[in-house]
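Colleague: Provided herewith: data-v9.pdb, PDB, C-alpha atoms and all ligand atoms.
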ATOM      1  CA  MET A  12       0.000   0.000   0.000
ATOM      2  CA  LEU A  13       2.947   2.325   0.673
ATOM      3  CA  SER A  14       5.801   2.741  -1.775
ATOM      4  CA  GLU A  15       9.282   1.474  -0.957
ATOM      5  CA  GLU A  16      10.377   5.083  -0.718
ATOM      6  CA  ASN A  17       7.755   5.853   1.918
ATOM      7  CA  LEU A  18       8.535   2.678   3.852
ATOM      8  CA  LYS A  19      12.169   3.797   3.990
ATOM      9  CA  LYS A  20      11.072   7.207   5.252
ATOM     10  CA  ILE A  21       9.093   5.532   8.031
ATOM     11  CA  GLU A  22      12.097   3.463   9.070
ATOM     12  CA  ALA A  23      14.169   6.639   9.145
ATOM     13  CA  LEU A  24      11.569   8.344  11.343
ATOM     14  CA  LYS A  25      11.245   5.553  13.899
ATOM     15  CA  PRO A  26      14.368   6.404  15.963
ATOM     16  CA  ARG A  27      13.057   9.925  16.464
ATOM     17  CA  PHE A  28      10.013   8.770  18.447
ATOM     18  CA  GLN A  29       9.598   6.733  21.599
ATOM     19  CA  THR A  30       6.630   4.771  20.222
ATOM     20  CA  THR A  31       5.441   3.758  16.776
ATOM     21  CA  GLN A  32       2.045   5.208  17.704
ATOM     22  CA  ALA A  33       3.613   8.659  17.338
ATOM     23  CA  LEU A  34       4.088   7.905  13.646
ATOM     24  CA  THR A  35       0.361   7.563  13.014
ATOM     25  CA  LEU A  36      -0.124  11.052  11.573
ATOM     26  CA  PRO A  37       2.838  11.072   9.174
ATOM     27  CA  VAL A  38       2.109   7.535   7.979
ATOM     28  CA  LEU A  39      -1.542   8.385   7.327
ATOM     29  CA  TRP A  40      -0.388  11.472   5.459
ATOM     30  CA  MET A  41       1.846   9.330   3.262
ATOM     31  CA  ILE A  42      -1.091   7.032   2.533
ATOM     32  CA  GLN A  43      -3.220  10.005   1.545
ATOM     33  CA  GLN A  44      -0.486  11.503  -0.621
ATOM     34  CA  GLN A  45      -0.213   8.210  -2.462
ATOM     35  CA  HIS A  46      -3.888   7.260  -2.714
ATOM     36  CA  GLY A  47      -5.806  10.503  -2.241
ATOM     37  CA  TRP A  48      -7.813   9.241   0.729
ATOM     38  CA  ILE A  49      -7.780   6.843   3.686
ATOM     39  CA  SER A  50      -9.844   3.689   3.174
ATOM     40  CA  SER A  51     -10.760   1.252   5.960
ATOM     41  CA  GLU A  52      -8.255  -1.173   4.411
ATOM     42  CA  ALA A  53      -5.624   1.553   4.676
ATOM     43  CA  MET A  54      -6.459   2.070   8.360
ATOM     44  CA  GLN A  55      -5.966  -1.645   8.995
ATOM     45  CA  TYR A  56      -2.692  -1.542   7.059
ATOM     46  CA  VAL A  57      -1.415   1.382   9.146
ATOM     47  CA  ALA A  58      -2.461  -0.324  12.382
ATOM     48  CA  GLN A  59      -0.547  -3.435  11.399
ATOM     49  CA  LEU A  60       2.466  -1.476  10.172
ATOM     50  CA  LEU A  61       2.746   0.482  13.420
ATOM     51  CA  ASN A  62       1.514  -2.283  15.699
ATOM     52  CA  VAL A  63      -1.262  -0.134  17.162
ATOM     53  CA  PRO A  64      -4.998  -0.850  17.504
ATOM     54  CA  VAL A  65      -7.147  -0.143  14.446
ATOM     55  CA  SER A  66      -9.403   1.865  16.774
ATOM     56  CA  HIS A  67      -6.511   4.280  17.390
ATOM     57  CA  VAL A  68      -5.960   4.787  13.655
ATOM     58  CA  TYR A  69      -9.698   5.200  13.088
ATOM     59  CA  GLY A  70      -9.836   7.768  15.890
ATOM     60  CA  VAL A  71      -7.055   9.811  14.301
ATOM     61  CA  VAL A  72      -8.533   9.677  10.798
ATOM     62  CA  THR A  73     -11.976  10.724  11.971
ATOM     63  CA  PHE A  74     -10.663  13.482  14.275
ATOM     64  CA  TYR A  75      -8.561  15.423  11.762
ATOM     65  CA  THR A  76     -10.378  16.884   8.781
ATOM     66  CA  MET A  77      -7.123  16.875   6.800
ATOM     67  CA  TYR A  78      -7.642  13.161   6.257
ATOM     68  CA  ASN A  79     -10.100  12.319   3.499
ATOM     69  CA  GLN A  80     -12.393   9.460   4.431
ATOM     70  CA  LYS A  81     -13.601   9.023   0.884
ATOM     71  CA  PRO A  82     -12.132   9.756  -2.551
ATOM     72  CA  VAL A  83     -11.944  13.410  -3.552
ATOM     73  CA  GLY A  84     -11.659  15.116  -6.915
ATOM     74  CA  LYS A  85      -8.491  16.446  -8.504
ATOM     75  CA  TYR A  86      -9.093  19.700  -6.653
ATOM     76  CA  HIS A  87     -10.275  19.487  -3.068
ATOM     77  CA  LEU A  88     -11.851  22.807  -2.135
ATOM     78  CA  GLN A  89     -12.053  23.239   1.610
ATOM     79  CA  VAL A  90     -14.043  26.330   2.540
ATOM     80  CA  CYS A  91     -13.591  27.638   6.060
ATOM     81  CA  THR A  92     -16.787  28.808   7.712
ATOM     82  CA  ASN A  93     -15.514  29.259  11.241
ATOM     83  CA  VAL A  94     -16.046  32.537  13.087
ATOM     84  CA  SER A  95     -13.658  34.940  11.301
ATOM     85  CA  CYS A  96     -14.436  33.536   7.871
ATOM     86  CA  MET A  97     -18.174  33.402   8.553
ATOM     87  CA  LEU A  98     -18.144  37.058   9.663
ATOM     88  CA  ASN A  99     -16.325  37.964   6.443
ATOM     89  CA  GLY A 100     -18.511  36.106   3.974
ATOM     90  CA  GLY A 101     -17.370  32.482   4.360
ATOM     91  CA  GLY A 102     -20.953  31.244   4.205
ATOM     92  CA  GLU A 103     -21.627  33.080   0.955
ATOM     93  CA  LEU A 104     -18.329  31.801  -0.392
ATOM     94  CA  ARG A 105     -19.287  28.200   0.463
ATOM     95  CA  ASP A 106     -22.721  28.552  -1.113
ATOM     96  CA  HIS A 107     -21.284  30.259  -4.201
ATOM     97  CA  VAL A 108     -18.714  27.513  -4.815
ATOM     98  CA  CYS A 109     -21.331  24.765  -4.408
ATOM     99  CA  LYS A 110     -23.804  26.542  -6.687
ATOM    100  CA  ARG A 111     -21.232  27.278  -9.355
ATOM    101  CA  LEU A 112     -20.004  23.674  -9.427
ATOM    102  CA  GLY A 113     -23.485  22.178  -9.034
ATOM    103  CA  VAL A 114     -22.643  20.098  -5.979
ATOM    104  CA  LYS A 115     -23.638  19.889  -2.347
ATOM    105  CA  LEU A 116     -21.079  19.901   0.453
ATOM    106  CA  GLY A 117     -19.067  16.707   0.483
ATOM    107  CA  GLU A 118     -19.885  15.934  -3.123
ATOM    108  CA  THR A 119     -17.585  15.656  -6.138
ATOM    109  CA  THR A 120     -18.393  17.002  -9.582
ATOM    110  CA  SER A 121     -19.310  14.360 -12.150
ATOM    111  CA  ASP A 122     -16.016  14.931 -14.003
ATOM    112  CA  ASN A 123     -14.106  14.164 -10.770
ATOM    113  CA  ARG A 124     -12.374  17.523 -10.847
ATOM    114  CA  PHE A 125     -13.774  19.247  -7.761
ATOM    115  CA  THR A 126     -14.824  18.170  -4.287
ATOM    116  CA  VAL A 127     -16.209  20.826  -1.944
ATOM    117  CA  THR A 128     -16.095  20.489   1.822
ATOM    118  CA  GLU A 129     -16.761  22.866   4.683
ATOM    119  CA  VAL A 130     -14.032  22.938   7.294
ATOM    120  CA  GLU A 131     -13.300  24.444  10.668
ATOM    121  CA  CYS A 132     -10.659  27.140  11.191
ATOM    122  CA  LEU A 133      -7.571  26.645   9.040
ATOM    123  CA  GLY A 134      -5.515  29.112  11.054
ATOM    124  CA  SER A 135      -5.711  31.917   8.552
ATOM    125  CA  CYS A 136      -8.313  34.032  10.349
ATOM    126  CA  GLY A 137      -6.530  37.340   9.668
ATOM    127  CA  THR A 138      -7.063  36.880   5.948
ATOM    128  CA  ALA A 139     -10.679  35.709   6.029
ATOM    129  CA  PRO A 140     -12.569  34.557   4.124
ATOM    130  CA  MET A 141     -10.344  31.822   2.830
ATOM    131  CA  MET A 142     -10.371  28.469   1.171
ATOM    132  CA  GLN A 143      -7.793  25.709   0.845
ATOM    133  CA  VAL A 144      -7.338  24.081  -2.558
ATOM    134  CA  ASN A 145      -5.359  20.869  -2.158
ATOM    135  CA  ASP A 146      -2.304  22.090  -0.208
ATOM    136  CA  ASP A 147      -2.585  25.804  -1.057
ATOM    137  CA  TYR A 148      -4.361  28.631   0.771
ATOM    138  CA  PHE A 149      -6.347  31.314  -1.064
ATOM    139  CA  GLU A 150      -7.131  34.245   1.184
ATOM    140  CA  ASN A 151      -9.110  37.494   1.349
ATOM    141  CA  LEU A 152     -11.362  35.962  -1.263
ATOM    142  CA  SER A 153     -14.150  37.765  -3.033
ATOM    143  CA  LEU A 154     -16.725  35.854  -5.058
ATOM    144  CA  GLU A 155     -15.148  37.253  -8.217
ATOM    145  CA  GLN A 156     -11.726  35.961  -7.197
ATOM    146  CA  VAL A 157     -13.210  32.541  -6.536
ATOM    147  CA  ASP A 158     -14.727  32.533 -10.010
ATOM    148  CA  GLU A 159     -11.352  33.434 -11.523
ATOM    149  CA  LEU A 160      -9.633  30.741  -9.495
ATOM    150  CA  LEU A 161     -12.114  28.062 -10.546
ATOM    151  CA  GLU A 162     -11.664  29.103 -14.175
ATOM    152  CA  LYS A 163      -7.903  28.659 -13.858
ATOM    153  CA  LEU A 164      -8.316  25.238 -12.270
ATOM    154  CA  ASN A 165     -10.549  24.007 -15.069
TER     155      ASN A 165
HETATM  156  S1  LIG A 201     -11.904  31.222  10.852
HETATM  157 FE1  LIG A 201     -11.369  30.736   8.785
HETATM  158  S2  LIG A 201      -9.231  30.514   8.914
HETATM  159 FE2  LIG A 201      -9.784  30.852  10.967
END
Now that the file is in, can you turn its structure into structure tokens?

Modeller:
Amino acid sequence: MLSEENLKKIEALKPRFQTTQALTLPVLWMIQQQHGWISSEAMQYVAQLLNVPVSHVYGVVTFYTMYNQKPVGKYHLQVCTNVSCMLNGGGELRDHVCKRLGVKLGETTSDNRFTVTEVECLGSCGTAPMMQVNDDYFENLSLEQVDELLEKLN
């Protein structure tokens, strides 16, 4: 499930931690980077690899929104609607993105290009409203800027 390269990285990380459980987050991240999401089979694989209970891995995956629990499109649009973003138009931004792409929250467009999710604070409150696209932040967004961004991603 993990590439040889990633397995070597894990071995290199092990001496830096007192327990293999501490490697749960980075190993899950490697899985997601390789496969795009974390399946239940992947959770079992990680549990076996790190010799930790599957319930621990499941708890981590379901706690952090950065882990995708189902496949996402080529572009994963994560719209923050926590307090600062909501006060600065995050709700309108979320609704606009969904309407423009013709999807509901959590859904992926039929061409598999875009998945839209609503997320809690992404730590960029001073530049609200904002949205994360894959690993990149887009901040101080107006609806017009979102339209331009979606055009570029098409
Ligand atoms: S409230 Fe949106 S980044 Fe913090």

Colleague: Any chance you could work out the residue set of the PyMOL selection byres (((chain A and resi 38-42) around 12) and not hetatm) here, as a PyMOL selection string?

Modeller: chain A and resi 12-22+24-25+31-37+43-61+67-73+75-80

Colleague: Can I get the residues close to ligand LIG 201 (chain A) as a list in words, where close means within 7 Å and we count all atoms listed in the file?

Modeller: Cys91, Thr92, Asn93, Val94, Ser95, Cys96, Glu131, Cys132, Leu133, Gly134, Ser135, Cys136, Ala139, Pro140 and Met141 of chain A

Colleague: Let me know the residues the PyMOL selection byres (((chain A and resi 107-114) around 10) and not hetatm) catches in the file above, as a PyMOL selection string.

Modeller: chain A and resi 88+90+101-106+115-121+124-128+154+157-158+161

Colleague: So that all listed atoms of region 108-120 of chain A fit with 6 Å spare on each side, what axis-aligned box centre and edge lengths in Å, to one decimal, would you give as JSON?

Modeller:
{"center_x": -20.7, "center_y": 21.6, "center_z": -4.5, "size_x": 18.2, "size_y": 23.9, "size_z": 22.1}

Colleague: Measure the distance from CA of Asn62 (chain A) to CA of Thr30 (chain A) in Å and round it to one decimal.

Modeller: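 Between CA of Asn62 (chain A) and CA of Thr30 (chain A) the gap works out to 9.8 Å.
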